[in-house]
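The block underneath contains the structure these notes are about, expressed in structure tokens.
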Amino acid sequence: MAATDELEKVRRQFDYGPYPRIPIEKTPKDDPNVLFVHDLVTAFYRRDHRVSETKGRRILDAGCGTGYKSLVLAIANPGAEIIGIDLSPESVKLARERIKFHGVDNAHFEVRSILDLPSWGEQFDYINCDEVLYLLPDPVEGLQALKSGLKPHGILRANLHSALQRFPFFRAQSLFKLMGLMDDNPEEMEMDIVREIMKELKDGVDLKARTWNPRYEQEESNEALLANHLLVGDKGSTIPQLFQYLGAAGLEFISMVNWRHWNLVDLFKDPDNLPTFLALSLPDVPQSVQLEMYELLHPVHRLLDFWCSPQPRATVPDLGEWSEEQWNQSTIYLHPQLRTETIKEKWLGYLNDRIIVDLGTFMSFSSPGPVYIDPLGLATLLPLFDQPLAFSALCDRYQRLAPLDPVTLEPIEPKVARQQLQALLTRLELSLFVLVSLP
């Protein structure tokens, strides 16, 4: 099938079933996890180890669908301009309605193909291309088109379907293609046939066991069927293919969007006591190979969700390896999605009650497990709700709050206070609860 014909089928499918079918009135304002992912501060910090402003930035939501992620981008990035494009006129119509409903005045939408970006002549600080790349006839062509729309310092977020995790659905699609149900765009008749076939299969049949849910038998599941068993143009990729695509498009890998959930050592019973071969060799294994090993061992992520850029990630050592000079030059921030009045009020309540808190109760996406902080830590970081502080200023506050050594009851040494605060910030920065920014 020619590329233009394939894209036309994709357009028709999403005109028939605009995606995502999230109610117009739903707001992401109370969802710090989704805002965290779409906050430019997160992506730029992952690349540059610096905190970036969102005001005045231009953001493209490429393949915006019905505009929910465009709304998220607008709320997560105050002062930024949002432009959404999509092949589907019906989807763009719903996106415009959504933005108007929420009173957002810094977003607008156009019916336009991602592949038209090179001739468009517009450039953006950030491009969000979510749930789209795997539908394009050629992922490299798609990445090259997206790169043409990036400013030299810009960042692209995109994703591919995992060939390993999603393999049962690719089998289902192959079956229904073989039966002719995807020759044209699947609609009610094709979905009813799929429901009847899957419902009547024995429960032990492998494809049914791996891909079917009783809720798919209801008409309300049309979106799920079209997004899985009957998704036109769907393709799977592996981690090596992801890096091949980026290399061919001239883009540098920054990190997985859910990078804390791709940590190879977390798959072992005791990460501090790895098998000897891995313990000796892993420090020299490239990141791309570690990601491939993770997926071969544990293919649980539907999306290979990543950030990339025309420029490489800054070569900044982990905080645990920083010199005293680097610490002295740094400024400490709370992540913007923690700096809300609601979270501050809860923070103060926990502080008044003198209890240890898991910061994941506020924002869990970036941490695969609990991240605890005691009242001393809560009190030390409290001023960050109002403004960032130089490390030296935060260190002075820490020493005032913890004037005595709890064992000797002697005044705490400034050097010891610095080390304790550095350890706290290093632990919290792993999940980006705090951002430690260099000049």
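Residue numbering restarts at 1 in every chain; chains get A, B, ... in the order shown in the structure tokens, and ligands count up from 1 in that same order.
Backbone DSSP assigns strand (DSSP E) in region 43-153 of chain A to Arg58, Ile59, Leu60, Asp61, Ala62, Glu81, Ile82, Ile83, Gly84, Ile85, Asp86, Ala107, His108, Phe109, Glu110, Val111, Phe124, Asp125, Tyr126, Ile127, Asn128, Cys129, Leu150, Lys151, Pro152 and His153 of chain A.
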Could the residues in this selection be saved with C-alpha atoms as a short mmCIF file (atom, residue, chain, number, x, y, z; two decimals), in the first residue's frame?
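selection38.cif written:
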```cif
data_model
loop_
_atom_site.label_atom_id
_atom_site.label_comp_id
_atom_site.auth_asym_id
_atom_site.auth_seq_id
_atom_site.Cartn_x
_atom_site.Cartn_y
_atom_site.Cartn_z
CA ARG A 58 6.30 27.63 21.35
CA ILE A 59 4.94 24.09 21.67
CA LEU A 60 3.60 21.90 18.87
CA ASP A 61 1.21 19.07 19.70
CA ALA A 62 1.80 16.98 16.57
CA GLU A 81 1.90 29.10 22.98
CA ILE A 82 0.34 25.77 21.97
CA ILE A 83 -0.34 24.79 18.35
CA GLY A 84 -2.06 21.49 17.63
CA ILE A 85 -2.15 19.74 14.27
CA ASP A 86 -3.89 16.55 13.18
CA ALA A 107 -3.80 27.35 21.93
CA HIS A 108 -5.07 26.94 18.38
CA PHE A 109 -5.40 24.05 15.93
CA GLU A 110 -4.96 23.24 12.26
CA VAL A 111 -5.78 20.27 10.05
CA PHE A 124 9.13 25.15 17.98
CA ASP A 125 10.91 24.87 21.31
CA TYR A 126 9.14 21.60 22.09
CA ILE A 127 7.16 19.07 20.07
CA ASN A 128 4.84 16.54 21.65
CA CYS A 129 4.13 13.66 19.25
CA LEU A 150 12.42 21.94 16.05
CA LYS A 151 14.57 24.89 16.96
CA PRO A 152 18.25 23.92 17.35
CA HIS A 153 17.85 23.78 21.14
#
```
Selection near Leu376 (chain A), 8 Å with only C-alpha atoms, sequence-local residues under 6 positions removed, as a PyMOL selection string: chain A and resi 398+401-402
Alpha helix (DSSP H) call set, DSSP backbone run, region 232-428 of chain A, as a ChimeraX atom specification: /A:239-249,276-281,287-297,324-329,341-352,375-381,391-401,414-428
Using 12 Å as the limit and counting only C-alpha atoms, can you tabulate each residue of region 53-76 of chain A that touches region 332-338 of chain A, with its shortest atom-to-atom distance in Å and the two atoms involved, as CSV?
```
residue,atom,partner,partner_atom,distance
A:Glu53,CA,A:Pro336,CA,10.5
A:Thr54,CA,A:Pro336,CA,10.6
A:Ile75,CA,A:Gln337,CA,10.5
A:Ala76,CA,A:Gln337,CA,7.8
```
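For region 189-197 of chain A, the residues within 7 Å (counting only C-alpha atoms, excluding itself and residues fewer than 4 positions away along the chain) are Leu181, Leu201 and Glu217 of chain A.
The protein and nucleic acid residues lying at most 12 Å from Gly349 (chain A) are Thr342, Ile343, Ile355, Ile356, Val357, Pro375, Leu378, Ala379 and Leu382 of chain A, with only C-alpha atoms considered and sequence neighbours fewer than 6 positions away removed.
A straight line drawn from CA of Cys308 (chain A) to CA of Arg47 (chain A) is 8.8 Å long.
Here CA of Leu231 (chain A) and CA of Pro214 (chain A) stand 19.1 Å from one another.
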Region 265-273 of chain A surroundings by only C-alpha atoms, 12 Å radius, close-in-sequence under 3 positions cut, as JSON, numbers by chain: {"A": [259, 260, 261, 262, 276, 277, 278, 279, 280, 282, 283, 290, 291, 293, 294, 295, 296, 297, 298, 299, 300, 367, 368, 369]}
Requested write-out: C-alpha atoms of the selected residues, as an mmCIF file, in the first residue's frame:
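The new file again-v4.cif reads:
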```
data_model
loop_
_atom_site.group_PDB
_atom_site.id
_atom_site.type_symbol
_atom_site.label_atom_id
_atom_site.label_comp_id
_atom_site.auth_asym_id
_atom_site.auth_seq_id
_atom_site.Cartn_x
_atom_site.Cartn_y
_atom_site.Cartn_z
ATOM 1 C CA TRP A 259 13.149 6.596 32.860
ATOM 2 C CA ARG A 260 12.893 5.469 36.495
ATOM 3 C CA HIS A 261 10.832 2.494 35.309
ATOM 4 C CA TRP A 262 13.541 1.280 32.894
ATOM 5 C CA THR A 276 29.054 -11.141 39.474
ATOM 6 C CA PHE A 277 29.115 -10.942 35.671
ATOM 7 C CA LEU A 278 26.610 -8.059 35.624
ATOM 8 C CA ALA A 279 28.161 -6.265 38.584
ATOM 9 C CA LEU A 280 31.510 -6.175 36.791
ATOM 10 C CA LEU A 282 27.184 -3.216 33.701
ATOM 11 C CA PRO A 283 28.986 0.092 34.389
ATOM 12 C CA GLN A 290 20.791 -1.662 29.069
ATOM 13 C CA LEU A 291 17.372 -0.589 27.798
ATOM 14 C CA MET A 293 18.284 -5.920 28.107
ATOM 15 C CA TYR A 294 15.491 -4.534 30.290
ATOM 16 C CA GLU A 295 12.874 -5.063 27.609
ATOM 17 C CA LEU A 296 14.072 -8.557 26.756
ATOM 18 C CA LEU A 297 13.814 -9.474 30.432
ATOM 19 C CA HIS A 298 10.620 -7.598 31.265
ATOM 20 C CA PRO A 299 8.577 -6.238 28.315
ATOM 21 C CA VAL A 300 5.862 -4.503 30.319
ATOM 22 C CA SER A 367 9.410 7.123 41.307
ATOM 23 C CA PRO A 368 8.942 3.331 41.134
ATOM 24 C CA GLY A 369 8.847 3.139 44.931
#
```
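With only C-alpha atoms as the atoms that count, the residue of A:Ser366, A:Ser288, A:Ser255, A:Asn352 with the shortest distance to Ile239 (chain A) is A:Ser288.
The residue that comes closest to Pro310 (chain A), out of A:Ala95, A:Val285, A:Ala249, A:Ala74 and on the basis of only C-alpha atoms, is A:Ala249.
With only C-alpha atoms as the basis for measurement, A:Asp48 is the residue among A:Asp374, A:Asp48, A:Asp183, A:Glu6 that approaches Arg313 (chain A) most closely.
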Shortest interatomic distance to Ala163 (chain A) - which of A:Tyr372, A:Tyr350, A:Phe44, A:Tyr134, counting only C-alpha atoms: A:Tyr134
